[in-house]
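Structure data follow from coords.cif (mmCIF, C-alpha atoms and all ligand atoms):
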```
data_work
#
loop_
_atom_site.group_PDB
_atom_site.id
_atom_site.type_symbol
_atom_site.label_atom_id
_atom_site.label_comp_id
_atom_site.auth_asym_id
_atom_site.auth_seq_id
_atom_site.Cartn_x
_atom_site.Cartn_y
_atom_site.Cartn_z
ATOM 1 C CA MET A 1 11.431 -19.218 -8.892
ATOM 2 C CA GLN A 2 11.820 -20.209 -5.256
ATOM 3 C CA GLY A 3 14.644 -22.661 -6.035
ATOM 4 C CA GLN A 4 16.502 -19.932 -7.893
ATOM 5 C CA ALA A 5 15.829 -17.436 -5.099
ATOM 6 C CA LEU A 6 17.288 -19.842 -2.531
ATOM 7 C CA LEU A 7 20.446 -20.135 -4.626
ATOM 8 C CA TRP A 8 20.785 -16.345 -4.772
ATOM 9 C CA ARG A 9 20.269 -16.105 -1.027
ATOM 10 C CA ARG A 10 22.847 -18.801 -0.319
ATOM 11 C CA GLY A 11 25.251 -16.996 -2.641
ATOM 12 C CA GLY A 12 24.846 -13.843 -0.540
ATOM 13 C CA ARG A 13 23.267 -11.895 -3.378
ATOM 14 C CA ARG A 14 20.845 -9.123 -2.461
ATOM 15 C CA VAL A 15 17.452 -9.651 -4.079
ATOM 16 C CA VAL A 16 15.092 -6.742 -4.748
ATOM 17 C CA LEU A 17 11.515 -7.364 -5.887
ATOM 18 C CA VAL A 18 9.127 -4.999 -7.655
ATOM 19 C CA PRO A 19 5.654 -6.550 -7.807
ATOM 20 C CA THR A 20 3.423 -5.230 -10.615
ATOM 21 C CA MET A 21 0.413 -6.126 -12.713
ATOM 22 C CA GLY A 22 2.180 -5.118 -15.929
ATOM 23 C CA ALA A 23 1.246 -2.510 -18.544
ATOM 24 C CA LEU A 24 4.389 -0.846 -17.296
ATOM 25 C CA HIS A 25 4.668 2.945 -17.459
ATOM 26 C CA ALA A 26 7.094 5.574 -16.184
ATOM 27 C CA GLY A 27 5.792 5.094 -12.615
ATOM 28 C CA HIS A 28 6.738 1.425 -12.639
ATOM 29 C CA GLU A 29 9.989 2.311 -14.374
ATOM 30 C CA SER A 30 11.011 4.592 -11.527
ATOM 31 C CA LEU A 31 10.375 1.709 -9.081
ATOM 32 C CA LEU A 32 12.503 -0.616 -11.228
ATOM 33 C CA ARG A 33 15.358 1.891 -11.373
ATOM 34 C CA ARG A 34 15.137 2.379 -7.622
ATOM 35 C CA ALA A 35 15.307 -1.403 -7.240
ATOM 36 C CA ARG A 36 18.373 -1.540 -9.517
ATOM 37 C CA HIS A 37 20.051 1.062 -7.331
ATOM 38 C CA LEU A 38 19.108 -0.772 -4.110
ATOM 39 C CA ALA A 39 20.334 -4.124 -5.461
ATOM 40 C CA GLY A 40 23.735 -2.726 -6.349
ATOM 41 C CA GLN A 41 26.272 -4.450 -8.580
ATOM 42 C CA GLY A 42 26.083 -8.047 -7.449
ATOM 43 C CA GLY A 43 22.400 -7.913 -6.580
ATOM 44 C CA VAL A 44 19.424 -9.248 -8.470
ATOM 45 C CA VAL A 45 16.378 -7.219 -9.515
ATOM 46 C CA VAL A 46 13.206 -9.246 -9.993
ATOM 47 C CA ALA A 47 10.109 -7.657 -11.530
ATOM 48 C CA SER A 48 6.951 -9.678 -11.245
ATOM 49 C CA ILE A 49 3.972 -9.264 -13.538
ATOM 50 C CA PHE A 50 0.853 -10.981 -12.327
ATOM 51 C CA VAL A 51 -2.634 -9.674 -13.028
ATOM 52 C CA ASN A 52 -3.998 -10.911 -9.743
ATOM 53 C CA PRO A 53 -7.588 -12.172 -10.129
ATOM 54 C CA LEU A 54 -8.052 -12.184 -6.336
ATOM 55 C CA GLN A 55 -7.865 -8.394 -6.093
ATOM 56 C CA PHE A 56 -10.437 -7.625 -8.796
ATOM 57 C CA ASN A 57 -14.024 -7.410 -7.685
ATOM 58 C CA ASN A 58 -15.277 -6.882 -11.193
ATOM 59 C CA ALA A 59 -14.866 -9.547 -13.913
ATOM 60 C CA HIS A 60 -15.041 -6.928 -16.669
ATOM 61 C CA ASP A 61 -12.228 -4.891 -15.103
ATOM 62 C CA LEU A 62 -10.070 -8.047 -14.892
ATOM 63 C CA ALA A 63 -10.835 -9.098 -18.480
ATOM 64 C CA CYS A 64 -10.074 -5.597 -19.830
ATOM 65 C CA TYR A 65 -6.863 -5.080 -17.844
ATOM 66 C CA PRO A 66 -4.121 -4.247 -20.415
ATOM 67 C CA ARG A 67 -1.471 -6.943 -20.996
ATOM 68 C CA PRO A 68 1.187 -5.566 -23.384
ATOM 69 C CA THR A 69 3.784 -8.277 -22.680
ATOM 70 C CA LYS A 70 6.219 -7.282 -25.432
ATOM 71 C CA SER A 71 6.591 -3.660 -24.401
ATOM 72 C CA ASP A 72 6.689 -4.706 -20.712
ATOM 73 C CA ARG A 73 9.730 -6.847 -21.480
ATOM 74 C CA ALA A 74 11.400 -3.887 -23.167
ATOM 75 C CA VAL A 75 10.714 -1.598 -20.176
ATOM 76 C CA CYS A 76 12.228 -4.200 -17.838
ATOM 77 C CA GLN A 77 15.319 -4.586 -20.005
ATOM 78 C CA GLY A 78 15.768 -0.820 -20.215
ATOM 79 C CA ALA A 79 15.520 -0.439 -16.436
ATOM 80 C CA GLY A 80 18.133 -3.083 -15.643
ATOM 81 C CA VAL A 81 15.805 -5.838 -14.450
ATOM 82 C CA ASP A 82 17.571 -9.212 -14.224
ATOM 83 C CA VAL A 83 14.580 -11.511 -13.993
ATOM 84 C CA LEU A 84 11.010 -10.982 -15.153
ATOM 85 C CA PHE A 85 8.770 -13.343 -13.190
ATOM 86 C CA MET A 86 5.392 -13.957 -14.859
ATOM 87 C CA PRO A 87 3.668 -16.810 -13.073
ATOM 88 C CA GLY A 88 0.478 -18.282 -14.533
ATOM 89 C CA THR A 89 -2.754 -18.018 -12.585
ATOM 90 C CA GLY A 90 -2.960 -21.781 -12.043
ATOM 91 C CA ALA A 91 0.583 -21.946 -10.686
ATOM 92 C CA MET A 92 -0.064 -19.174 -8.166
ATOM 93 C CA ARG A 93 -3.265 -20.612 -6.765
ATOM 94 C CA LYS A 94 -4.697 -24.111 -7.128
ATOM 95 C CA ALA A 95 -8.412 -24.365 -7.828
ATOM 96 C CA ASP A 96 -9.039 -25.723 -4.318
ATOM 97 C CA ALA A 97 -6.768 -23.239 -2.494
ATOM 98 C CA SER A 98 -8.405 -22.201 0.766
ATOM 99 C CA THR A 99 -5.838 -20.003 2.544
ATOM 100 C CA TRP A 100 -5.964 -16.210 2.680
ATOM 101 C CA VAL A 101 -3.818 -13.516 4.245
ATOM 102 C CA GLU A 102 -5.925 -10.644 5.520
ATOM 103 C CA GLU A 103 -5.072 -7.376 7.255
ATOM 104 C CA THR A 104 -8.157 -6.071 9.017
ATOM 105 C CA ALA A 105 -7.501 -2.522 10.317
ATOM 106 C CA LEU A 106 -5.751 -0.399 7.699
ATOM 107 C CA ALA A 107 -7.585 -2.247 4.924
ATOM 108 C CA ALA A 108 -11.038 -1.344 6.262
ATOM 109 C CA GLY A 109 -11.591 2.161 4.843
ATOM 110 C CA MET A 110 -11.221 3.865 1.474
ATOM 111 C CA GLU A 111 -10.275 1.269 -1.185
ATOM 112 C CA GLY A 112 -11.188 -1.544 1.204
ATOM 113 C CA ALA A 113 -14.683 -0.134 1.703
ATOM 114 C CA ALA A 114 -15.134 0.688 -1.978
ATOM 115 C CA ARG A 115 -13.800 -2.679 -3.201
ATOM 116 C CA PRO A 116 -14.746 -5.453 -0.752
ATOM 117 C CA GLY A 117 -12.161 -8.253 -0.743
ATOM 118 C CA HIS A 118 -9.626 -6.204 -2.709
ATOM 119 C CA PHE A 119 -6.920 -5.996 -0.051
ATOM 120 C CA ARG A 120 -7.381 -9.598 1.005
ATOM 121 C CA GLY A 121 -6.530 -10.451 -2.604
ATOM 122 C CA VAL A 122 -3.538 -8.109 -2.548
ATOM 123 C CA THR A 123 -2.061 -9.371 0.728
ATOM 124 C CA THR A 124 -2.592 -13.022 -0.184
ATOM 125 C CA VAL A 125 -0.726 -12.608 -3.465
ATOM 126 C CA VAL A 126 2.008 -10.341 -2.079
ATOM 127 C CA ALA A 127 2.641 -12.934 0.651
ATOM 128 C CA GLN A 128 2.979 -15.578 -2.065
ATOM 129 C CA LEU A 129 5.351 -13.406 -4.103
ATOM 130 C CA LEU A 130 7.509 -12.736 -1.020
ATOM 131 C CA ASN A 131 7.677 -16.484 -0.364
ATOM 132 C CA LEU A 132 8.536 -17.256 -3.978
ATOM 133 C CA VAL A 133 11.140 -14.549 -4.619
ATOM 134 C CA LEU A 134 12.511 -14.291 -1.030
ATOM 135 C CA PRO A 135 13.603 -10.669 -1.564
ATOM 136 C CA ASP A 136 15.715 -8.652 0.877
ATOM 137 C CA VAL A 137 13.847 -5.539 -0.261
ATOM 138 C CA ALA A 138 10.487 -5.035 -1.989
ATOM 139 C CA VAL A 139 9.605 -1.741 -3.680
ATOM 140 C CA PHE A 140 6.058 -0.343 -3.774
ATOM 141 C CA GLY A 141 4.607 2.954 -5.013
ATOM 142 C CA GLU A 142 3.086 5.744 -2.961
ATOM 143 C CA LYS A 143 0.464 6.047 -5.702
ATOM 144 C CA ASP A 144 -1.272 3.181 -3.867
ATOM 145 C CA TYR A 145 -0.655 4.608 -0.407
ATOM 146 C CA GLN A 146 -3.181 2.409 1.387
ATOM 147 C CA GLN A 147 -1.844 -0.711 -0.332
ATOM 148 C CA ALA A 148 1.704 0.090 0.813
ATOM 149 C CA ALA A 149 0.457 0.665 4.379
ATOM 150 C CA VAL A 150 -1.491 -2.607 4.412
ATOM 151 C CA VAL A 151 1.484 -4.566 3.043
ATOM 152 C CA ARG A 152 3.796 -2.915 5.581
ATOM 153 C CA ARG A 153 1.481 -3.994 8.400
ATOM 154 C CA MET A 154 1.289 -7.545 7.024
ATOM 155 C CA VAL A 155 5.094 -7.723 6.830
ATOM 156 C CA ARG A 156 5.374 -6.512 10.423
ATOM 157 C CA ASP A 157 2.617 -8.724 11.828
ATOM 158 C CA LEU A 158 3.731 -11.920 10.066
ATOM 159 C CA HIS A 159 7.479 -11.239 10.430
ATOM 160 C CA PHE A 160 8.338 -11.437 6.752
ATOM 161 C CA PRO A 161 12.123 -10.981 6.534
ATOM 162 C CA VAL A 162 11.924 -8.158 4.002
ATOM 163 C CA ARG A 163 12.440 -4.401 4.005
ATOM 164 C CA LEU A 164 9.838 -2.295 2.209
ATOM 165 C CA VAL A 165 10.707 0.799 0.221
ATOM 166 C CA VAL A 166 7.925 3.129 -0.911
ATOM 167 C CA ALA A 167 8.733 5.315 -3.930
ATOM 168 C CA PRO A 168 7.053 8.632 -4.835
ATOM 169 C CA THR A 169 4.231 8.922 -7.379
ATOM 170 C CA VAL A 170 5.287 9.664 -10.943
ATOM 171 C CA ARG A 171 2.921 12.044 -12.733
ATOM 172 C CA GLU A 172 2.217 13.194 -16.260
ATOM 173 C CA PRO A 173 3.043 16.838 -17.036
ATOM 174 C CA SER A 174 -0.640 17.665 -16.359
ATOM 175 C CA GLY A 175 -0.260 16.286 -12.817
ATOM 176 C CA LEU A 176 -2.334 13.175 -13.544
ATOM 177 C CA ALA A 177 -0.825 10.199 -11.695
ATOM 178 C CA MET A 178 0.486 7.590 -14.110
ATOM 179 C CA SER A 179 -1.597 4.427 -14.063
ATOM 180 C CA SER A 180 -2.066 1.391 -16.263
ATOM 181 C CA ARG A 181 -5.753 2.309 -16.297
ATOM 182 C CA ASN A 182 -5.027 5.669 -17.982
ATOM 183 C CA ALA A 183 -4.806 3.647 -21.217
ATOM 184 C CA HIS A 184 -8.605 3.333 -21.027
ATOM 185 C CA LEU A 185 -9.083 7.145 -20.993
ATOM 186 C CA SER A 186 -9.989 9.004 -24.181
ATOM 187 C CA ALA A 187 -7.839 12.071 -24.953
ATOM 188 C CA ALA A 188 -10.572 14.363 -23.609
ATOM 189 C CA GLU A 189 -11.029 12.301 -20.439
ATOM 190 C CA ARG A 190 -7.296 12.282 -19.874
ATOM 191 C CA SER A 191 -7.044 16.040 -19.902
ATOM 192 C CA ARG A 192 -10.128 16.365 -17.652
ATOM 193 C CA ALA A 193 -8.742 13.798 -15.184
ATOM 194 C CA SER A 194 -5.963 16.150 -14.076
ATOM 195 C CA ALA A 195 -8.676 18.104 -12.192
ATOM 196 C CA LEU A 196 -8.542 15.332 -9.573
ATOM 197 C CA VAL A 197 -5.002 16.138 -8.490
ATOM 198 C CA ARG A 198 -5.722 19.863 -8.704
ATOM 199 C CA ALA A 199 -8.445 19.358 -6.099
ATOM 200 C CA LEU A 200 -6.002 17.464 -3.872
ATOM 201 C CA GLN A 201 -3.529 20.313 -4.259
ATOM 202 C CA ALA A 202 -6.241 22.766 -3.194
ATOM 203 C CA ALA A 203 -6.705 20.670 -0.038
ATOM 204 C CA ARG A 204 -2.977 20.950 0.594
ATOM 205 C CA LYS A 205 -3.175 24.720 0.345
ATOM 206 C CA ALA A 206 -6.053 24.799 2.837
ATOM 207 C CA ALA A 207 -4.158 22.556 5.267
ATOM 208 C CA ARG A 208 -1.239 24.972 5.197
ATOM 209 C CA SER A 209 -3.305 27.850 6.506
ATOM 210 C CA ALA A 210 -2.195 28.685 10.041
ATOM 211 C CA ALA A 211 -4.963 26.999 12.040
ATOM 212 C CA GLY A 212 -5.753 24.176 9.651
ATOM 213 C CA VAL A 213 -9.393 23.386 8.851
ATOM 214 C CA SER A 214 -11.793 21.655 11.202
ATOM 215 C CA GLY A 215 -15.479 21.029 11.906
ATOM 216 C CA GLY A 216 -17.911 22.654 9.491
ATOM 217 C CA GLY A 217 -15.020 24.153 7.536
ATOM 218 C CA LEU A 218 -13.720 20.686 6.742
ATOM 219 C CA SER A 219 -17.123 19.447 5.573
ATOM 220 C CA ARG A 220 -17.528 22.548 3.421
ATOM 221 C CA LEU A 221 -14.054 22.149 1.921
ATOM 222 C CA LYS A 222 -14.821 18.528 1.104
ATOM 223 C CA ARG A 223 -18.119 19.404 -0.569
ATOM 224 C CA ARG A 224 -16.447 22.185 -2.542
ATOM 225 C CA LEU A 225 -13.645 19.934 -3.794
ATOM 226 C CA VAL A 226 -16.037 17.106 -4.716
ATOM 227 C CA ALA A 227 -18.165 19.610 -6.646
ATOM 228 C CA GLN A 228 -15.056 20.985 -8.335
ATOM 229 C CA MET A 229 -13.970 17.493 -9.403
ATOM 230 C CA GLY A 230 -17.483 16.763 -10.630
ATOM 231 C CA GLN A 231 -17.450 19.886 -12.723
ATOM 232 C CA ASP A 232 -13.872 20.114 -14.020
ATOM 233 C CA ALA A 233 -13.132 16.393 -14.471
ATOM 234 C CA ARG A 234 -16.787 15.429 -14.963
ATOM 235 C CA ALA A 235 -15.816 12.796 -12.436
ATOM 236 C CA GLN A 236 -18.104 10.708 -10.290
ATOM 237 C CA VAL A 237 -16.321 10.849 -6.966
ATOM 238 C CA GLU A 238 -16.492 7.616 -4.917
ATOM 239 C CA TYR A 239 -14.695 9.103 -1.954
ATOM 240 C CA LEU A 240 -12.534 12.050 -0.992
ATOM 241 C CA GLU A 241 -10.857 11.331 2.320
ATOM 242 C CA PHE A 242 -8.542 13.314 4.594
ATOM 243 C CA PHE A 243 -6.745 10.795 6.752
ATOM 244 C CA ASP A 244 -3.991 10.156 9.267
ATOM 245 C CA PRO A 245 -0.952 8.717 7.427
ATOM 246 C CA GLN A 246 -0.344 6.073 10.138
ATOM 247 C CA THR A 247 -3.803 4.835 11.116
ATOM 248 C CA LEU A 248 -5.478 5.758 7.794
ATOM 249 C CA LYS A 249 -8.456 6.919 9.870
ATOM 250 C CA PRO A 250 -10.266 10.116 8.785
ATOM 251 C CA VAL A 251 -8.910 13.236 10.502
ATOM 252 C CA ARG A 252 -11.252 15.726 12.172
ATOM 253 C CA ARG A 253 -8.870 18.595 11.611
ATOM 254 C CA LEU A 254 -7.042 19.153 8.393
ATOM 255 C CA VAL A 255 -3.461 19.934 9.298
ATOM 256 C CA ARG A 256 -0.059 19.576 7.706
ATOM 257 C CA GLY A 257 1.030 15.943 7.725
ATOM 258 C CA ALA A 258 -2.449 14.578 7.028
ATOM 259 C CA ARG A 259 -3.049 13.003 3.610
ATOM 260 C CA ALA A 260 -5.820 13.328 1.076
ATOM 261 C CA ALA A 261 -6.979 10.490 -1.163
ATOM 262 C CA VAL A 262 -9.546 10.349 -3.916
ATOM 263 C CA ALA A 263 -11.229 7.622 -5.941
ATOM 264 C CA ALA A 264 -13.339 8.690 -8.884
ATOM 265 C CA ARG A 265 -14.654 7.513 -12.209
ATOM 266 C CA VAL A 266 -13.828 9.580 -15.253
ATOM 267 C CA GLY A 267 -16.001 8.139 -17.995
ATOM 268 C CA ARG A 268 -15.881 4.414 -17.300
ATOM 269 C CA THR A 269 -12.356 4.437 -15.858
ATOM 270 C CA ARG A 270 -11.833 4.293 -12.107
ATOM 271 C CA LEU A 271 -8.852 6.349 -10.936
ATOM 272 C CA ILE A 272 -7.239 6.791 -7.517
ATOM 273 C CA ASP A 273 -4.702 9.313 -6.278
ATOM 274 C CA ASN A 274 -3.380 10.716 -3.006
ATOM 275 C CA VAL A 275 -1.072 13.474 -1.762
ATOM 276 C CA GLY A 276 0.538 14.527 1.498
ATOM 277 C CA LEU A 277 -0.857 17.774 2.850
HETATM 278 P P1 LIG B 301 0.298 -1.994 -10.403
HETATM 279 O O1 LIG B 301 0.928 -2.566 -11.619
HETATM 280 O O2 LIG B 301 -0.723 -0.933 -10.680
HETATM 281 O O3 LIG B 301 -0.175 -3.045 -9.431
HETATM 282 O O4 LIG B 301 1.464 -1.215 -9.654
HETATM 283 C C1 LIG B 301 2.651 -1.857 -9.278
HETATM 284 C C2 LIG B 301 3.433 -0.960 -8.370
HETATM 285 O O5 LIG B 301 3.738 0.258 -9.050
HETATM 286 C C3 LIG B 301 2.646 -0.572 -7.116
HETATM 287 O O6 LIG B 301 3.517 -0.594 -5.995
HETATM 288 C C4 LIG B 301 2.171 0.810 -7.434
HETATM 289 O O7 LIG B 301 1.953 1.609 -6.291
HETATM 290 C C5 LIG B 301 3.321 1.346 -8.268
HETATM 291 N N1 LIG B 301 2.870 2.449 -9.118
HETATM 292 C C6 LIG B 301 1.789 2.473 -9.928
HETATM 293 N N2 LIG B 301 1.655 3.681 -10.515
HETATM 294 C C7 LIG B 301 2.666 4.451 -10.050
HETATM 295 C C8 LIG B 301 3.073 5.801 -10.261
HETATM 296 N N3 LIG B 301 2.414 6.634 -11.073
HETATM 297 N N4 LIG B 301 4.178 6.253 -9.622
HETATM 298 C C9 LIG B 301 4.875 5.424 -8.780
HETATM 299 N N5 LIG B 301 4.548 4.144 -8.546
HETATM 300 C C10 LIG B 301 3.450 3.660 -9.157
#
```
Show me the file's structure as structure tokens.
Amino acid sequence: MQGQALLWRRGGRRVVLVPTMGALHAGHESLLRRARHLAGQGGVVVASIFVNPLQFNNAHDLACYPRPTKSDRAVCQGAGVDVLFMPGTGAMRKADASTWVEETALAAGMEGAARPGHFRGVTTVVAQLLNLVLPDVAVFGEKDYQQAAVVRRMVRDLHFPVRLVVAPTVREPSGLAMSSRNAHLSAAERSRASALVRALQAARKAARSAAGVSGGGLSRLKRRLVAQMGQDARAQVEYLEFFDPQTLKPVRRLVRGARAAVAARVGRTRLIDNVGL
């Protein structure tokens, strides 16, 4: 992959990478189309599919992660991908590998707190993919807002010569954010799960009120939304966070421009989502 990437670079061809874990859906497809547009006519679009063991903190979750290779190939072809890069686990990381890439500030809260070691796994593998594919541009999804922020910080801090583009979240008609994990939801769970985004939208409405929400009002709003998600989605909420989009630290006052993120289990499936307020 790296030899080929060097040839493209020397030939002056723009390379655009979309890293994924496969089980491609319309959300991924929009990233691939964006990449096709960014690469232009003479450019090269590389999609990578690598179910990264380093970012799973649960062996069952890793083992059950969907791997529909045939339909993934078809999605890539349909979206104008030039190269589908599917490295094997052994090729990506030798058994005695002992080097990690770790971002320590933005990765601390939310997903980082709920899934210890997750972002260290993400940044280590994304750094590898950037070194292997040597892209001019890499496209990530806003669906994983914290991930995009952590990768952006890593790219800045380690001077990776790549530009990041973050594309908006693609949703089902119900509002549910598309996710490879939605495949694990039963039909009933799927329709209940849209209550998660409805709660985030309610937070947006509250943030738009003239003075915003602060202090006790913010705690009450949070409790109300968590209860609403518990009831309507029958979700077990891991966290509901209102945070600053730059620092990812919790905000004390809910105002326009803040973001809201949620992680919750619906049945046995863990879902995450976030919106701008
Ligand atoms: P994954 O395969 O889940 O690791 O996701 C690969 C990339 O696709 C990440 O940058 C995700 O943020 C992005 N992505 C996943 N779901 C969506 C979605 N519903 N809309 C837009 N991008 C998404």
All residues within 8 Å of ligand LIG 301 (chain B) are required, counting all atoms listed in the file; please report them as a PyMOL selection string. chain A and resi 18-28+30-31+49+51+139-145+147-148+166-171+177-180
Go through A:Ala113, A:Gln4, A:Val15, A:Pro250 and flag the residue nearest A:Val162, using all atoms listed in the file for the distances.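 Of A:Ala113, A:Gln4, A:Val15, A:Pro250, the one nearest A:Val162 is A:Val15, counting all atoms listed in the file.
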Can you translate the PyMOL selection byres (((chain A and resi 225) around 12) and not hetatm) into the concrete residues it hits in this file, as a short mmCIF file (atom, residue, chain, number, x, y, z; two decimals) with C-alpha atoms, in the frame of the given file?
```
data_model
loop_
_atom_site.label_atom_id
_atom_site.label_comp_id
_atom_site.auth_asym_id
_atom_site.auth_seq_id
_atom_site.Cartn_x
_atom_site.Cartn_y
_atom_site.Cartn_z
CA ALA A 195 -8.68 18.10 -12.19
CA LEU A 196 -8.54 15.33 -9.57
CA VAL A 197 -5.00 16.14 -8.49
CA ARG A 198 -5.72 19.86 -8.70
CA ALA A 199 -8.44 19.36 -6.10
CA LEU A 200 -6.00 17.46 -3.87
CA GLN A 201 -3.53 20.31 -4.26
CA ALA A 202 -6.24 22.77 -3.19
CA ALA A 203 -6.70 20.67 -0.04
CA ARG A 204 -2.98 20.95 0.59
CA ALA A 206 -6.05 24.80 2.84
CA LEU A 218 -13.72 20.69 6.74
CA SER A 219 -17.12 19.45 5.57
CA ARG A 220 -17.53 22.55 3.42
CA LEU A 221 -14.05 22.15 1.92
CA LYS A 222 -14.82 18.53 1.10
CA ARG A 223 -18.12 19.40 -0.57
CA ARG A 224 -16.45 22.18 -2.54
CA VAL A 226 -16.04 17.11 -4.72
CA ALA A 227 -18.16 19.61 -6.65
CA GLN A 228 -15.06 20.98 -8.34
CA MET A 229 -13.97 17.49 -9.40
CA GLY A 230 -17.48 16.76 -10.63
CA GLN A 231 -17.45 19.89 -12.72
CA ASP A 232 -13.87 20.11 -14.02
CA ALA A 233 -13.13 16.39 -14.47
CA ALA A 235 -15.82 12.80 -12.44
CA VAL A 237 -16.32 10.85 -6.97
CA TYR A 239 -14.70 9.10 -1.95
CA LEU A 240 -12.53 12.05 -0.99
CA GLU A 241 -10.86 11.33 2.32
CA PHE A 242 -8.54 13.31 4.59
CA ALA A 260 -5.82 13.33 1.08
CA ALA A 261 -6.98 10.49 -1.16
CA VAL A 262 -9.55 10.35 -3.92
#
```
Which polymer residues have any atom within 10 Å of an atom of A:Arg268, counting all atoms listed in the file, with same-chain residues fewer than 3 positions away left out, as a PyMOL selection string? chain A and resi 184-185+189+235-236+264-265+271
From the set A:Val213, A:Ala105, A:Met1, A:Ala63, which residue has the shortest atom-to-atom contact distance to A:Ala149, counting all atoms listed in the file?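 Ranked by minimum distance to A:Ala149, first place goes to A:Ala105.
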Interatomic distance (Å, one decimal) between atom CA of A:Gln146 and atom CA of A:Ala107: 7.3 Å
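The shell of residues at most 9 Å from A:Arg9, with only C-alpha atoms counted and near chain neighbours (fewer than 4 positions) removed, consists of Gln4, Ala5, Arg13, Arg14, Val15, Leu134, Pro135 and Asp136 of chain A.
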With a distance cut-off of 8 Å and all atoms listed in the file, select the neighbouring residues of A:Val46, excluding the residue or stretch itself and same-chain residues fewer than 6 positions from it, and output the selection as a ChimeraX atom specification. /A:15-18,81-85,133
Using only C-alpha atoms, pick whichever of A:Gln77, A:Ser48, A:Thr247, A:Gln55 has the shortest atom-to-atom distance to A:Trp100. A:Gln55
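Using only C-alpha atoms, the smallest distance between any of A:Gly42, A:Ser194, A:Leu277, A:Ala263 and A:Leu176 comes from A:Ser194.
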Test item: which residues lie within 9 Å of (-1.7, -7.1, 4.6) counting only C-alpha atoms, as a ChimeraX atom specification: /A:101-104,106-107,119-120,122-124,126-127,147-155,157
In Å, rounded to a single decimal, give me how far atom CA of A:Ser98 is from atom CA of A:Ala114. 24.0 Å
Around (-4.8, 11.7, 8.9) in the file's frame, which residues reach within 6 Å when counting only C-alpha atoms? Return as a list in words?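 Every polymer residue passing the test: Phe242, Phe243, Asp244, Pro245, Pro250, Val251, Ala258 and Arg259 of chain A.
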Which of A:Leu158, A:Arg67, A:Leu62, A:Pro53 sits closest to A:Arg93 [using all atoms listed in the file]: A:Pro53
Could you jot down the atom CA of A:Asn131 to atom CA of A:His159 separation for me, Å, one decimal place? 12.0 Å
Enclose the full set of atoms of stretch 64-70 of chain A listed in the file within a box whose edges lie along x, y and z, apply 8 Å of padding to each of the six sides, and report centre and edge lengths in Å to one decimal as lines of an AutoDock Vina configuration file.
```
center_x = -1.9
center_y = -6.3
center_z = -21.6
size_x = 32.3
size_y = 20.0
size_z = 23.6
```
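When only C-alpha atoms are used to measure the gap to A:Gly175, the shortest distance among A:Ala74, A:Gly276, A:Arg190, A:Gln128 belongs to A:Arg190.
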